[in-house]
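Following: one structure in C-alpha cells, then a few remarks.
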Amino acid sequence: MTQEKKRILVVDDEKDVGKTFKMILENYGFIIDSFTDPLLALEKFKPNFYDLTILDIKMPEINGFELYDRLKSADS
C-alpha cells in the first residue's frame, strides 16, 4: 500500500524564498504549489486539497493574516 503524498501551499512574495521552500520540501517527497502573488493564490485555492499552508506575513495587496482568514473561510 503506497502512502499518498502530502500537498503544501506556499505563499511568499519573495520569489527566492518560495523556490527554496519548494525545492527543500519536494526533496522530502511533498507536492508543493508555490505562489508569489497572494491574490492569485487565493484565486487558485482549492478547498480540501492542501494538508499544510505556509504563508509569509508581510506581502503586498493583502498580508498573510488576511490571506489566512480568507483561506480558512473557504476551507476550515
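Convention: chains lettered A, B, ... in C-alpha cells order; per-chain residue numbering from 1; ligands numbered from 1 as shown.
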
For A:Lys22: contacts at 12 Å, only C-alpha atoms, fewer than 4 positions along chain excluded, given as a PyMOL selection string: chain A and resi 7-12+15-18+26-35+54

Filtered DSSP result for chain A, state strand (DSSP E or B), as number ranges by chain: A: 7-11, 31-35, 52-55

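Atom pair atom CA of A:Leu55 / atom CA of A:Gln3 has a distance of 25.8 Å (rounded to one decimal).
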
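In terms of minimum interatomic distance to A:Leu71, A:Glu43 ranks closest within A:Ile24, A:Glu4, A:Glu43, A:Glu14, counting only C-alpha atoms.
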
Residue neighbourhood A:Ile62, 7 Å, only C-alpha atoms, exclusion window fewer than 4 positions, as an MDAnalysis selection string: chainID A and resid 38 66:67

Serialized selection, all heavy atoms, as a tab-separated table (two decimals), in the first residue's frame:
chain	number	residue	atom	x	y	z
A	38	PRO	N	-0.32	36.78	-3.47
A	38	PRO	CA	-1.33	36.24	-2.56
A	38	PRO	C	-2.75	36.22	-3.15
A	38	PRO	O	-3.52	35.32	-2.86
A	38	PRO	CB	-1.26	37.13	-1.33
A	38	PRO	CG	-0.57	38.37	-1.78
A	38	PRO	CD	0.30	37.98	-2.92
A	66	GLU	N	-4.52	38.21	6.71
A	66	GLU	CA	-5.76	38.37	5.97
A	66	GLU	C	-5.94	37.22	4.98
A	66	GLU	O	-7.05	36.70	4.82
A	66	GLU	CB	-5.77	39.70	5.22
A	66	GLU	CG	-7.08	39.98	4.52
A	66	GLU	CD	-7.12	41.33	3.83
A	66	GLU	OE1	-6.25	42.18	4.06
A	66	GLU	OE2	-8.07	41.53	3.04
A	67	LEU	N	-4.86	36.82	4.33
A	67	LEU	CA	-4.94	35.68	3.41
A	67	LEU	C	-5.36	34.42	4.17
A	67	LEU	O	-6.23	33.67	3.70
A	67	LEU	CB	-3.60	35.46	2.72
A	67	LEU	CG	-3.53	34.29	1.74
A	67	LEU	CD1	-4.58	34.41	0.64
A	67	LEU	CD2	-2.14	34.18	1.15

Distance criterion (only C-alpha atoms): nearest to A:Leu42 out of A:Lys58, A:Phe21, A:Gly64, A:Lys5: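 Comparing A:Lys58, A:Phe21, A:Gly64, A:Lys5 against A:Leu42, the winner is A:Gly64.
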
Using DSSP assignments from the backbone, pull out every residue in stretch 20-72 of chain A that falls under alpha helix (DSSP H) and give it to me as an mmCIF file with N, CA, C and O atoms, in the first residue's frame.
data_model
loop_
_atom_site.group_PDB
_atom_site.id
_atom_site.type_symbol
_atom_site.label_atom_id
_atom_site.label_comp_id
_atom_site.auth_asym_id
_atom_site.auth_seq_id
_atom_site.Cartn_x
_atom_site.Cartn_y
_atom_site.Cartn_z
ATOM 1 N N THR A 20 12.977 28.235 -2.661
ATOM 2 C CA THR A 20 13.731 27.476 -1.665
ATOM 3 C C THR A 20 12.825 26.512 -0.908
ATOM 4 O O THR A 20 13.166 25.333 -0.745
ATOM 5 N N PHE A 21 11.673 27.008 -0.451
ATOM 6 C CA PHE A 21 10.710 26.130 0.219
ATOM 7 C C PHE A 21 10.323 24.978 -0.701
ATOM 8 O O PHE A 21 10.294 23.815 -0.289
ATOM 9 N N LYS A 22 10.014 25.294 -1.954
ATOM 10 C CA LYS A 22 9.584 24.283 -2.922
ATOM 11 C C LYS A 22 10.665 23.218 -3.110
ATOM 12 O O LYS A 22 10.387 22.027 -3.043
ATOM 13 N N MET A 23 11.899 23.658 -3.331
ATOM 14 C CA MET A 23 12.995 22.726 -3.579
ATOM 15 C C MET A 23 13.228 21.802 -2.377
ATOM 16 O O MET A 23 13.327 20.584 -2.528
ATOM 17 N N ILE A 24 13.290 22.367 -1.190
ATOM 18 C CA ILE A 24 13.572 21.574 0.006
ATOM 19 C C ILE A 24 12.429 20.601 0.304
ATOM 20 O O ILE A 24 12.652 19.419 0.544
ATOM 21 N N LEU A 25 11.207 21.101 0.276
ATOM 22 C CA LEU A 25 10.063 20.254 0.625
ATOM 23 C C LEU A 25 9.818 19.164 -0.415
ATOM 24 O O LEU A 25 9.420 18.050 -0.071
ATOM 25 N N GLU A 26 10.057 19.462 -1.686
ATOM 26 C CA GLU A 26 9.915 18.427 -2.707
ATOM 27 C C GLU A 26 10.955 17.322 -2.515
ATOM 28 O O GLU A 26 10.666 16.150 -2.776
ATOM 29 N N ASN A 27 12.139 17.685 -2.033
ATOM 30 C CA ASN A 27 13.163 16.681 -1.739
ATOM 31 C C ASN A 27 12.710 15.721 -0.641
ATOM 32 O O ASN A 27 13.205 14.593 -0.571
ATOM 33 N N PRO A 38 -0.325 36.778 -3.465
ATOM 34 C CA PRO A 38 -1.332 36.236 -2.559
ATOM 35 C C PRO A 38 -2.746 36.222 -3.153
ATOM 36 O O PRO A 38 -3.525 35.319 -2.861
ATOM 37 N N LEU A 39 -3.065 37.192 -3.995
ATOM 38 C CA LEU A 39 -4.393 37.208 -4.602
ATOM 39 C C LEU A 39 -4.550 36.077 -5.618
ATOM 40 O O LEU A 39 -5.618 35.470 -5.723
ATOM 41 N N LEU A 40 -3.491 35.764 -6.350
ATOM 42 C CA LEU A 40 -3.525 34.642 -7.279
ATOM 43 C C LEU A 40 -3.641 33.319 -6.510
ATOM 44 O O LEU A 40 -4.390 32.423 -6.909
ATOM 45 N N ALA A 41 -2.925 33.222 -5.403
ATOM 46 C CA ALA A 41 -3.021 32.021 -4.562
ATOM 47 C C ALA A 41 -4.452 31.831 -4.073
ATOM 48 O O ALA A 41 -4.986 30.715 -4.083
ATOM 49 N N LEU A 42 -5.087 32.913 -3.669
ATOM 50 C CA LEU A 42 -6.475 32.859 -3.204
ATOM 51 C C LEU A 42 -7.411 32.436 -4.341
ATOM 52 O O LEU A 42 -8.309 31.614 -4.147
ATOM 53 N N GLU A 43 -7.176 32.973 -5.521
ATOM 54 C CA GLU A 43 -7.995 32.638 -6.693
ATOM 55 C C GLU A 43 -7.862 31.158 -7.069
ATOM 56 O O GLU A 43 -8.840 30.506 -7.429
ATOM 57 N N LYS A 44 -6.649 30.618 -6.976
ATOM 58 C CA LYS A 44 -6.377 29.236 -7.388
ATOM 59 C C LYS A 44 -6.599 28.215 -6.259
ATOM 60 O O LYS A 44 -6.526 27.021 -6.493
ATOM 61 N N GLY A 64 -0.349 38.155 5.191
ATOM 62 C CA GLY A 64 -0.540 36.739 5.466
ATOM 63 C C GLY A 64 -1.694 36.445 6.408
ATOM 64 O O GLY A 64 -2.370 35.417 6.263
ATOM 65 N N PHE A 65 -1.931 37.325 7.371
ATOM 66 C CA PHE A 65 -3.046 37.113 8.300
ATOM 67 C C PHE A 65 -4.396 37.211 7.580
ATOM 68 O O PHE A 65 -5.290 36.399 7.792
ATOM 69 N N GLU A 66 -4.519 38.214 6.713
ATOM 70 C CA GLU A 66 -5.763 38.372 5.965
ATOM 71 C C GLU A 66 -5.941 37.216 4.976
ATOM 72 O O GLU A 66 -7.053 36.695 4.819
ATOM 73 N N LEU A 67 -4.864 36.819 4.333
ATOM 74 C CA LEU A 67 -4.939 35.684 3.414
ATOM 75 C C LEU A 67 -5.365 34.422 4.166
ATOM 76 O O LEU A 67 -6.225 33.668 3.705
ATOM 77 N N TYR A 68 -4.792 34.212 5.337
ATOM 78 C CA TYR A 68 -5.173 33.062 6.169
ATOM 79 C C TYR A 68 -6.672 33.081 6.476
ATOM 80 O O TYR A 68 -7.353 32.059 6.348
ATOM 81 N N ASP A 69 -7.180 34.243 6.875
ATOM 82 C CA ASP A 69 -8.611 34.350 7.186
ATOM 83 C C ASP A 69 -9.472 34.008 5.974
ATOM 84 O O ASP A 69 -10.478 33.304 6.096
ATOM 85 N N ARG A 70 -9.071 34.480 4.803
ATOM 86 C CA ARG A 70 -9.847 34.204 3.588
ATOM 87 C C ARG A 70 -9.767 32.720 3.207
ATOM 88 O O ARG A 70 -10.767 32.133 2.793
ATOM 89 N N LEU A 71 -8.583 32.138 3.335
ATOM 90 C CA LEU A 71 -8.431 30.710 3.029
ATOM 91 C C LEU A 71 -9.224 29.864 4.005
ATOM 92 O O LEU A 71 -9.881 28.901 3.621
ATOM 93 N N LYS A 72 -9.188 30.251 5.277
ATOM 94 C CA LYS A 72 -9.901 29.488 6.302
ATOM 95 C C LYS A 72 -11.410 29.563 6.081
ATOM 96 O O LYS A 72 -12.118 28.579 6.311
#

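Taking atom CA of A:Ala74 and atom CA of A:Asp13 as endpoints, the distance between them is 21.5 Å.
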
Point-to-point distance in Å for atom CA of A:Lys19 and atom CA of A:Ser76: 26.7 Å
